[in-house]
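Trainee: Quick one: this structure, given as C-alpha cells, is what I'll be asking you about.
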Amino acid sequence: MGALMNRILLIMLSLGVFLFGCSSNETDLVKIAFIGPLTGGVSANGIGGRNSADLAIKLANADTSKKYQYELVVLDDECKPNIGIQVATKAAADSKIFGAVAHYCSAVAVGTVDVFHKFALPMIVWGAVLPEITYGNDYPEIHRVNGTMINQNDVAARFMIDQGYRNWAIIHDTTDYGKGHDKYFTESIEKYGGKVLGRFGVTADQQDFNAELTKIKALKPEVLYFGGITPIGVRVRTQMDRLNIPALFQGTSGIISDAYIEGTGNLSEGTLAFREGDSAERLPGGKMFLTKYKEMEYSSPPEAYGPFAFAAANLIIRAVEAVGPDRKKITKFLNQIKDHNSVIGKISFDDNGQNMVPLITKFVVQDGKWVIWEASDYQSGQRQLSR
Amino acid sequence: MDFSLLDQHIINGLVLGVIYAMVAVGFTLFFGVLNVIKFSHGDVLMAGSFAALIASLFLSQLGEFPTWLNLCISLLFAISIMATLGTLIAQHLVLPLRGAPPLNTLLITLMLGLAIREAVRLFYPNGSNPKPFPRLLPENSWIIGTMEIRQDTAIIIVGGLLAILILNLAIRKTRLGLSIRAVAQDPETARLMGINFKRIVLGTFALGSGLAALAGVANGLYYHEIIFDRGLFLGVIGFSAAVVGGLGSLLGAIIGGFLFAFLQTIGAIWFSVPAYKDVFAFVVIIMIMAWRPTGLLSEINSDRV
C-alpha cells in the first residue's frame with residue numbers, strides 16, 4: 001500500500017513539475033538579481049532584504065495583469081568587496097537578468113558600481129548609505145532608494161545639540177562606511193557648536209574594545225557616537241557597561257535592527273539612532289507590506305531595510321512592465337522616475353540616481369523596541385536619556 | 001603615549017592573557033602528544049560557549065536556580081560536551097591520519113572548524129546574530145585605592161589562572177600526566193612500557209577541548225555576548241601564542257598567551273589609532289619568531305608537555 005501511494009505521489013509530482021514548467025514558458029521569464037550579505041555578521045539584514053525582494057517578486061507573479069513572469073536570482077556578497085565584485089559580475093554577465101537590487105554594505109557597493117556600469121545593468125541600492133555610491137560617479141545605471149549618510153548625520157547632530165549635549169567621543173569602523181559616518185557627523189557637529197574629544201578607528205571584526213573604551217573613559221564624553229554596523233555596535237555597548245562608562249550611546253542607521261536589541265538586552269534601553277525614510281508602520285503602504293510579509297511566513301523579520309529592498313524590486317518590475325526586458329530602456333525609465341508612490345514613501349531620483357528622500361526619522365530604544373522619537377516616553381518627558 | 005587609567009589597562013590585558021593562554025595550552029597539548037596542529041580548536045571554544053548558553057537558558061526555563069548553581073551546571077555541561085567532541089575528533093579524524101603528512105590533519109581540522117562554525121550559525125535560531133550571554137557572575141565593584149575592579153572580571157582572571165595551574169600540576173604530578181609526557185617524548189617506547197597510547201591521546205584531546213570550553217565560557221561571561229565566528233580569531237591568536245612560546249611546551253604557551261595580550265594592550269595605549277594594536281602585536285610576534293624559530297622556550301630546553 002505504502003509503495004503504491006509513493007508511486008502515485010511520484011507520478012503526480014513529476015506531472016506537476018511538467019505542467020509548471022510548461023506554464024512558465026508561456027509568458028516570458030524575466031530574472032532580477034538580489035545581492036546582499038546572506039552570511040556573516042550582518043546577514044540578518046541581508047536575509048531580511050532578500051525576503052522582502054522575494055515578496056515583491058511573488059506578489060508580481062500572483063498578479064495576473066502582469067505581462068511577464070519574474071524570478072529572483074539571489075546572490076551573497078558576504079559584506080566583502082571582493083566577493084561583491086564576483087557576484088555582481090556573475091549577475092551582470094547573465095543576459096536573462098535585467099535589473100539588480102543590490103547591497104546593504106557601503107564598502108561593497110562602492111566597489112561594484114563600476115561592474116554594473118561596464119555591463120550596463122541597471123541597479124538599485126537598497127541599504128548602503130555612503131554618498132559616493134551615487135555621487136562619486138555619473139553612471140546612469142546606479143540608483144538608490146534609501147538616503148545617504150550626509151542627511152542622516154546632519155539631522156542627528158542638530159537633534160543632539162537641541163537635546164543639550166556638547167561633547168562626543170567617536171568609535172567608527174575603518175571601512176568606507178565607518179569613516180564616512182565619522183567624517184560627516186564630525187562636520188555637522190562642529191558646525192552646530194559641539195566638540196569631538198577623541199576618535200577611534202577600529203577594524204570591522206574586532207572583538208575587544210576595552211582598550212579604546214578605557215581611553216574614552218578618561219576623556220569623559222557626554223555621548224559615545226558609534227559609526228558602524230550591528231555586530232560591533234553590540235560589542236561596544238556591552239563593553240561600555242563593564243567599564244562603567246555613563247555616556248549616552250548614539251548609533252547610526254547601521255545598528256537599527258532587531259539583532260542589536262537581541263544582542264545587548266536591557267542595555268539597549270535609551271540608545272539613539274537615525275535613519276532615512278519613515279518607519280514601515282507609519283507609511284501608507286507599510287501596513288500592506290508587513291501583513292503580506294507575515295503571510296509568507298519567512299523565518300526571519302524584514303529588518304530595517306526590508307521595505308527599501310521591496311520598493312527597489314517593485315521599481316524594477318514596474319520598469320520591465322513599462323518598457324520590456326531591455327537593460328538600456330530600463331535604465332532610462334528609472335532615471336525618469338518622479339514622485340513614484342512606494343512602500344517607503346514617494347521616490348524621485350535626481351541626476352545621480354539618488355532618491356531625494358526628505359525625511360530622516362529619529363529612533364530610540366524603549367522597552368526592547370526601536371520606537372520613533374516623537375512617539376516615545378523620552379520625548380514626552382516620562383523617561384530621561386542618560387547624561 | 002597615554003598612561004591614564006593604567007590600572008584599568010592592566011586588568012583588561014590580564015583577562016585577555018588568561019583567555020589566550022587557555023587556548024594556547026590546548027594547541028600545545030595536541031602538538032605535544034601527536035605532533036598535530038588542530039585548527040578547529042577555536043571553533044570548539046565557540047561551540048563550548050554556545051553549549052553553556054543552551055544549558056543556562058534551559059535551566060532558567062526549568063525554574064529559579066541560584067546563579068552560581070546555574071553557572072556550575074552550564075560550565076560542567078559545556079566542558080563535558082566539548083571533551084566528548086574533542087575525543088570524537090581525535091578518534092575519527094586525527095588518529096586515522098597519523099600516517100599521513102601533518103598538512104592533511106591541519107587541513108581536515110581547518111575544514112572541521114568551518115563545519116562547526118557554519119553548523120552553529122545555521123542551526124542555532126538566528127545564529128548569524130550576536131547572542132547575549134547570561135550574566136552569571138556578581139557585578140559589584142571592589143575599590144582598592146584608586147583602582148576599581150569588578151568582581152566578575154576578578155573571578156574570570158583568578159578562575160582562568162587556577163584552571164591553568166591545576167592542568168599544569170596534573171601534567172607534572174599525576175599518573176595520567178606522566179603517561180601524557182611519556183607519549184609526548186616517545187610514543188613507541190611509551191607503548192612498550194605498557195601505556196595505552198590511544199587512550200592517552202583521546203584523554204589529551206578531551207583535556208584540551210574541555211579547557212577550550214572553559215575559555216569559551218570565560219569569554220562569554222566577560223563580553224556578555226557570543227557569536228558564531230568568534231573562535232576564528234581566538235584560534236589564530238592562541239596558535240600564534242603557542243608557537244611563539246614554543247609549540248609543545250606548556251609554560252611556553254602560557255607565556256605566549258600573556259605576551260600577546262601584553263603587546264595588544266601596549267599597542268592600544270601607544271598608538272592614537274588603536275586599530276594598529278593587532279598589527280603591532282602580530283609584527284612583534286613575527287620578529288620574535290624570526291629571532292627564535294622554535295619559540296621562546298624551545299622543546300630542547302624544556303620538558304615537552
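Here's how to read the names in the C-alpha cells: chain A, B, ... by the order shown, residue numbers from 1 in each chain, ligand numbers from 1 in the order shown.
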Please determine the contact residues of chain B with respect to chain A at a cut-off of 10 Å, counting only C-alpha atoms, and supply them as a PyMOL selection string.
Mentor: chain B and resi 2-13+16+118+121-122+125-134+139+141+148-150+152-153+222-230+233-234+264-269+272-278
Trainee: Would you please extract all helix (DSSP H, G or I) residues from stretch 74-205 of chain B, as assigned by DSSP on the backbone, and give them as a VMD selection string?
Mentor: chain B and resid 74 to 97 102 to 123 151 to 173 175 to 185 187 to 192 197 to 205
Trainee: What's the 8 Å shell around A:Leu55, counting only C-alpha atoms, without same-chain residues fewer than 4 positions away, as a PyMOL selection string?
Mentor: chain A and resi 51+59+292-293+296+310
Trainee: Please give the complete set of residues from stretch 34-283 of chain B that DSSP, run on the backbone, assigns to strand (DSSP E), formatted as a list of chain:residue names.
Mentor: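 Taking stretch 34-283 of chain B and keeping strand (DSSP E) gives B:Lys131, B:Pro132, B:Ser141, B:Trp142, B:Ile143, B:Ile144, B:Met147, B:Glu148, B:Ile149, B:Arg150, B:Glu225, B:Ile226.
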Trainee: Please provide the set of residues having any atom within 9 Å of B:Gly216, restricted to only C-alpha atoms, with same-chain residues fewer than 4 positions apart removed, written as number ranges by chain.
Mentor: B: 19, 42, 44-50, 52, 78, 211-212, 220-221, 226, 231
Trainee: I'd like the contact shell of B:Val183 - 12 Å cut-off, only C-alpha atoms, skipping same-chain residues fewer than 3 positions apart - returned as a short mmCIF file (atom, residue, chain, number, x, y, z; two decimals) with N, CA and C atoms, in the first residue's frame.
Mentor:
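part-v7.cif, written as the output of this step:
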data_model
loop_
_atom_site.label_atom_id
_atom_site.label_comp_id
_atom_site.auth_asym_id
_atom_site.auth_seq_id
_atom_site.Cartn_x
_atom_site.Cartn_y
_atom_site.Cartn_z
N LEU B 29 49.16 21.11 23.85
CA LEU B 29 48.90 19.73 24.30
C LEU B 29 48.78 18.80 23.09
N PHE B 30 47.96 19.23 22.10
CA PHE B 30 47.74 18.37 20.94
C PHE B 30 49.04 18.17 20.17
N PHE B 31 49.81 19.27 20.04
CA PHE B 31 51.06 19.15 19.31
C PHE B 31 52.02 18.25 20.07
N GLY B 32 51.99 18.38 21.39
CA GLY B 32 52.90 17.59 22.22
C GLY B 32 52.71 16.10 22.04
N VAL B 33 51.46 15.60 22.13
CA VAL B 33 51.27 14.15 22.09
C VAL B 33 51.28 13.58 20.68
N LEU B 34 50.83 14.33 19.70
CA LEU B 34 50.65 13.72 18.37
C LEU B 34 51.36 14.46 17.25
N ASN B 35 52.05 15.56 17.60
CA ASN B 35 52.68 16.38 16.56
C ASN B 35 51.67 16.89 15.53
N LEU B 176 48.31 10.13 35.00
CA LEU B 176 47.86 10.47 33.64
C LEU B 176 48.84 11.44 33.00
N GLY B 177 49.27 12.43 33.81
CA GLY B 177 50.22 13.42 33.31
C GLY B 177 51.52 12.78 32.91
N LEU B 178 51.96 11.82 33.74
CA LEU B 178 53.21 11.11 33.44
C LEU B 178 53.08 10.37 32.11
N SER B 179 51.91 9.71 31.93
CA SER B 179 51.69 8.97 30.68
C SER B 179 51.67 9.93 29.49
N ILE B 180 51.01 11.08 29.68
CA ILE B 180 50.96 12.04 28.57
C ILE B 180 52.37 12.49 28.20
N ASP B 186 58.16 9.92 23.46
CA ASP B 186 58.44 8.82 22.55
C ASP B 186 57.29 7.84 22.55
N PRO B 187 56.38 7.95 21.59
CA PRO B 187 55.19 7.09 21.59
C PRO B 187 55.53 5.60 21.57
N GLU B 188 56.53 5.21 20.81
CA GLU B 188 56.85 3.78 20.69
C GLU B 188 57.29 3.20 22.02
N THR B 189 58.25 3.88 22.67
CA THR B 189 58.75 3.40 23.95
C THR B 189 57.63 3.42 24.99
N ALA B 190 56.81 4.46 24.95
CA ALA B 190 55.72 4.54 25.91
C ALA B 190 54.81 3.33 25.76
N ARG B 191 54.56 2.90 24.52
CA ARG B 191 53.73 1.73 24.27
C ARG B 191 54.37 0.49 24.86
N LEU B 192 55.69 0.38 24.66
CA LEU B 192 56.42 -0.79 25.17
C LEU B 192 56.36 -0.86 26.68
N MET B 193 56.23 0.33 27.31
CA MET B 193 56.17 0.37 28.77
C MET B 193 54.75 0.08 29.28
N GLY B 194 53.87 -0.27 28.37
CA GLY B 194 52.52 -0.64 28.79
C GLY B 194 51.55 0.51 28.87
N ILE B 195 51.87 1.64 28.25
CA ILE B 195 50.94 2.76 28.27
C ILE B 195 49.98 2.62 27.08
N ASN B 196 48.70 2.72 27.35
CA ASN B 196 47.70 2.62 26.29
C ASN B 196 47.73 3.90 25.46
N PHE B 197 48.41 3.83 24.33
CA PHE B 197 48.66 5.02 23.50
C PHE B 197 47.36 5.73 23.12
N LYS B 198 46.41 4.93 22.59
CA LYS B 198 45.18 5.53 22.09
C LYS B 198 44.42 6.26 23.21
N ARG B 199 44.38 5.57 24.40
CA ARG B 199 43.63 6.17 25.49
C ARG B 199 44.26 7.50 25.91
N ILE B 200 45.57 7.54 25.92
CA ILE B 200 46.25 8.78 26.33
C ILE B 200 45.99 9.90 25.33
N VAL B 201 46.03 9.55 24.04
CA VAL B 201 45.76 10.58 23.02
C VAL B 201 44.34 11.12 23.19
N LEU B 202 43.37 10.18 23.33
CA LEU B 202 41.98 10.62 23.49
C LEU B 202 41.84 11.47 24.74
N GLY B 203 42.49 11.04 25.82
CA GLY B 203 42.43 11.78 27.08
C GLY B 203 42.97 13.20 26.91
N THR B 204 44.08 13.30 26.18
CA THR B 204 44.68 14.63 25.98
C THR B 204 43.75 15.53 25.19
N ARG B 304 58.83 18.42 27.22
CA ARG B 304 57.74 18.54 26.28
C ARG B 304 56.44 18.17 26.97
N VAL B 305 55.50 19.02 26.94
CA VAL B 305 54.19 18.91 27.60
C VAL B 305 54.31 18.29 28.98
#
Trainee: Show which residues sit within 10 Å of stretch 374-378 of chain A, as a PDB file with N, CA and C atoms, in the first residue's frame. Count only C-alpha atoms, and ignore same-chain residues fewer than 5 positions away.
Mentor:
ATOM      1  N   GLY A 270      17.331  53.265  25.690  1.00  0.00           N
ATOM      2  CA  GLY A 270      17.832  54.632  25.574  1.00  0.00           C
ATOM      3  C   GLY A 270      18.881  54.837  24.492  1.00  0.00           C
ATOM      4  N   THR A 361      14.196  59.833  10.094  1.00  0.00           N
ATOM      5  CA  THR A 361      13.429  59.509  11.285  1.00  0.00           C
ATOM      6  C   THR A 361      14.383  59.224  12.441  1.00  0.00           C
ATOM      7  N   LYS A 362      14.017  59.738  13.628  1.00  0.00           N
ATOM      8  CA  LYS A 362      14.832  59.545  14.820  1.00  0.00           C
ATOM      9  C   LYS A 362      14.254  58.368  15.608  1.00  0.00           C
ATOM     10  N   PHE A 363      15.135  57.495  16.046  1.00  0.00           N
ATOM     11  CA  PHE A 363      14.665  56.329  16.804  1.00  0.00           C
ATOM     12  C   PHE A 363      15.336  56.271  18.167  1.00  0.00           C
ATOM     13  N   VAL A 364      14.602  55.723  19.136  1.00  0.00           N
ATOM     14  CA  VAL A 364      15.185  55.464  20.454  1.00  0.00           C
ATOM     15  C   VAL A 364      14.703  54.074  20.887  1.00  0.00           C
ATOM     16  N   VAL A 365      15.561  53.338  21.578  1.00  0.00           N
ATOM     17  CA  VAL A 365      15.125  52.030  22.057  1.00  0.00           C
ATOM     18  C   VAL A 365      14.372  52.207  23.365  1.00  0.00           C
ATOM     19  N   GLN A 366      13.149  51.689  23.383  1.00  0.00           N
ATOM     20  CA  GLN A 366      12.330  51.784  24.581  1.00  0.00           C
ATOM     21  C   GLN A 366      11.684  50.415  24.820  1.00  0.00           C
ATOM     22  N   ARG A 383      10.528  59.545  30.497  1.00  0.00           N
ATOM     23  CA  ARG A 383      11.832  58.941  30.751  1.00  0.00           C
ATOM     24  C   ARG A 383      12.917  59.926  30.340  1.00  0.00           C
ATOM     25  N   GLN A 384      14.092  59.761  30.904  1.00  0.00           N
ATOM     26  CA  GLN A 384      15.206  60.653  30.599  1.00  0.00           C
ATOM     27  C   GLN A 384      16.337  59.877  29.938  1.00  0.00           C
ATOM     28  N   LEU A 385      16.946  60.498  28.923  1.00  0.00           N
ATOM     29  CA  LEU A 385      18.151  59.911  28.341  1.00  0.00           C
ATOM     30  C   LEU A 385      19.287  60.050  29.353  1.00  0.00           C
TER      31      LEU A 385
END
Trainee: Neighbouring residues of stretch 248-254 of chain B were defined as those with any atom within 10 Å, considering only C-alpha atoms; residues of the same chain fewer than 4 positions away were excluded. Please report them as number ranges by chain.
Mentor: B: 17-35, 161, 164, 167-168, 171, 184, 238-244, 258-259, 294-305
Trainee: For those residues, write N, CA and C atoms to a file as a short mmCIF file (atom, residue, chain, number, x, y, z; two decimals), in the first residue's frame.
Mentor:
data_model
loop_
_atom_site.label_atom_id
_atom_site.label_comp_id
_atom_site.auth_asym_id
_atom_site.auth_seq_id
_atom_site.Cartn_x
_atom_site.Cartn_y
_atom_site.Cartn_z
N GLY B 17 44.93 37.89 28.49
CA GLY B 17 46.03 36.94 28.64
C GLY B 17 45.56 35.59 29.12
N VAL B 18 44.66 35.60 30.11
CA VAL B 18 44.15 34.33 30.65
C VAL B 18 43.41 33.55 29.55
N ILE B 19 42.56 34.24 28.79
CA ILE B 19 41.79 33.56 27.75
C ILE B 19 42.73 33.02 26.66
N TYR B 20 43.66 33.87 26.20
CA TYR B 20 44.61 33.43 25.17
C TYR B 20 45.43 32.23 25.66
N ALA B 21 45.87 32.29 26.93
CA ALA B 21 46.72 31.20 27.45
C ALA B 21 45.95 29.90 27.45
N MET B 22 44.66 29.95 27.82
CA MET B 22 43.87 28.71 27.85
C MET B 22 43.76 28.10 26.46
N VAL B 23 43.62 28.95 25.44
CA VAL B 23 43.54 28.44 24.06
C VAL B 23 44.89 27.88 23.63
N ALA B 24 45.95 28.64 23.96
CA ALA B 24 47.29 28.23 23.53
C ALA B 24 47.69 26.89 24.15
N VAL B 25 47.29 26.69 25.42
CA VAL B 25 47.63 25.44 26.10
C VAL B 25 47.05 24.24 25.34
N GLY B 26 45.81 24.40 24.82
CA GLY B 26 45.21 23.32 24.04
C GLY B 26 46.06 22.98 22.82
N PHE B 27 46.46 24.01 22.06
CA PHE B 27 47.28 23.78 20.86
C PHE B 27 48.56 23.02 21.21
N THR B 28 49.17 23.44 22.33
CA THR B 28 50.45 22.85 22.72
C THR B 28 50.28 21.40 23.16
N LEU B 29 49.16 21.11 23.85
CA LEU B 29 48.90 19.73 24.30
C LEU B 29 48.78 18.80 23.09
N PHE B 30 47.96 19.23 22.10
CA PHE B 30 47.74 18.37 20.94
C PHE B 30 49.04 18.17 20.17
N PHE B 31 49.81 19.27 20.04
CA PHE B 31 51.06 19.15 19.31
C PHE B 31 52.02 18.25 20.07
N GLY B 32 51.99 18.38 21.39
CA GLY B 32 52.90 17.59 22.22
C GLY B 32 52.71 16.10 22.04
N VAL B 33 51.46 15.60 22.13
CA VAL B 33 51.27 14.15 22.09
C VAL B 33 51.28 13.58 20.68
N LEU B 34 50.83 14.33 19.70
CA LEU B 34 50.65 13.72 18.37
C LEU B 34 51.36 14.46 17.25
N ASN B 35 52.05 15.56 17.60
CA ASN B 35 52.68 16.38 16.56
C ASN B 35 51.67 16.89 15.53
N LEU B 161 43.39 31.44 35.78
CA LEU B 161 44.73 31.11 36.25
C LEU B 161 44.73 29.79 37.01
N ILE B 164 44.57 26.82 34.66
CA ILE B 164 45.86 26.56 34.01
C ILE B 164 46.82 25.92 35.01
N LEU B 167 45.89 22.29 35.63
CA LEU B 167 46.29 21.48 34.48
C LEU B 167 47.80 21.22 34.53
N ASN B 168 48.54 22.28 34.85
CA ASN B 168 49.99 22.16 34.93
C ASN B 168 50.39 21.12 35.97
N ILE B 171 49.61 17.61 34.84
CA ILE B 171 50.59 17.08 33.88
C ILE B 171 51.89 16.69 34.59
N ALA B 184 54.34 11.92 24.74
CA ALA B 184 54.86 13.09 24.04
C ALA B 184 56.33 12.89 23.68
N GLY B 238 45.56 32.13 19.68
CA GLY B 238 46.01 31.04 20.54
C GLY B 238 47.13 30.26 19.88
N PHE B 239 46.98 30.01 18.59
CA PHE B 239 48.00 29.27 17.86
C PHE B 239 49.31 30.05 17.81
N SER B 240 49.21 31.37 17.50
CA SER B 240 50.43 32.20 17.47
C SER B 240 51.11 32.19 18.84
N ALA B 241 50.29 32.29 19.89
CA ALA B 241 50.84 32.32 21.24
C ALA B 241 51.58 31.02 21.54
N ALA B 242 50.96 29.89 21.13
CA ALA B 242 51.59 28.60 21.38
C ALA B 242 52.91 28.48 20.60
N VAL B 243 52.91 28.97 19.36
CA VAL B 243 54.11 28.87 18.53
C VAL B 243 55.22 29.76 19.08
N VAL B 244 54.86 30.96 19.46
CA VAL B 244 55.89 31.88 19.93
C VAL B 244 56.45 31.42 21.27
N PHE B 258 50.07 35.40 27.46
CA PHE B 258 50.16 36.68 28.17
C PHE B 258 50.96 37.70 27.39
N LEU B 259 51.99 37.21 26.66
CA LEU B 259 52.79 38.12 25.85
C LEU B 259 51.93 38.79 24.79
N THR B 294 62.02 28.27 17.00
CA THR B 294 61.35 27.18 17.72
C THR B 294 60.62 27.71 18.95
N GLY B 295 60.52 28.99 19.09
CA GLY B 295 59.77 29.55 20.20
C GLY B 295 60.66 29.99 21.34
N LEU B 296 60.08 30.78 22.25
CA LEU B 296 60.87 31.31 23.37
C LEU B 296 61.42 30.19 24.24
N LEU B 297 60.55 29.23 24.57
CA LEU B 297 61.03 28.06 25.31
C LEU B 297 60.99 26.89 24.34
N SER B 298 62.06 26.68 23.63
CA SER B 298 62.01 25.62 22.62
C SER B 298 62.02 24.27 23.30
N GLU B 299 61.58 23.28 22.54
CA GLU B 299 61.43 21.93 23.10
C GLU B 299 62.71 21.40 23.72
N ILE B 300 63.85 21.82 23.17
CA ILE B 300 65.13 21.26 23.65
C ILE B 300 65.37 21.68 25.10
N ASN B 301 64.99 22.92 25.40
CA ASN B 301 65.30 23.42 26.73
C ASN B 301 64.29 22.98 27.77
N SER B 302 63.09 22.66 27.33
CA SER B 302 62.08 22.40 28.34
C SER B 302 61.47 21.02 28.12
N ASP B 303 60.84 20.54 29.14
CA ASP B 303 60.13 19.28 29.06
C ASP B 303 58.99 19.43 28.08
N ARG B 304 58.83 18.42 27.22
CA ARG B 304 57.74 18.54 26.28
C ARG B 304 56.44 18.17 26.97
N VAL B 305 55.50 19.02 26.94
CA VAL B 305 54.19 18.91 27.60
C VAL B 305 54.31 18.29 28.98
#
Trainee: Please, what distance in Å, to one decimal, runs between atom CA of A:Lys328 and atom CA of A:Glu141?
Mentor: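 If I compute the distance from atom CA of A:Lys328 to atom CA of A:Glu141, I get 8.6 Å.
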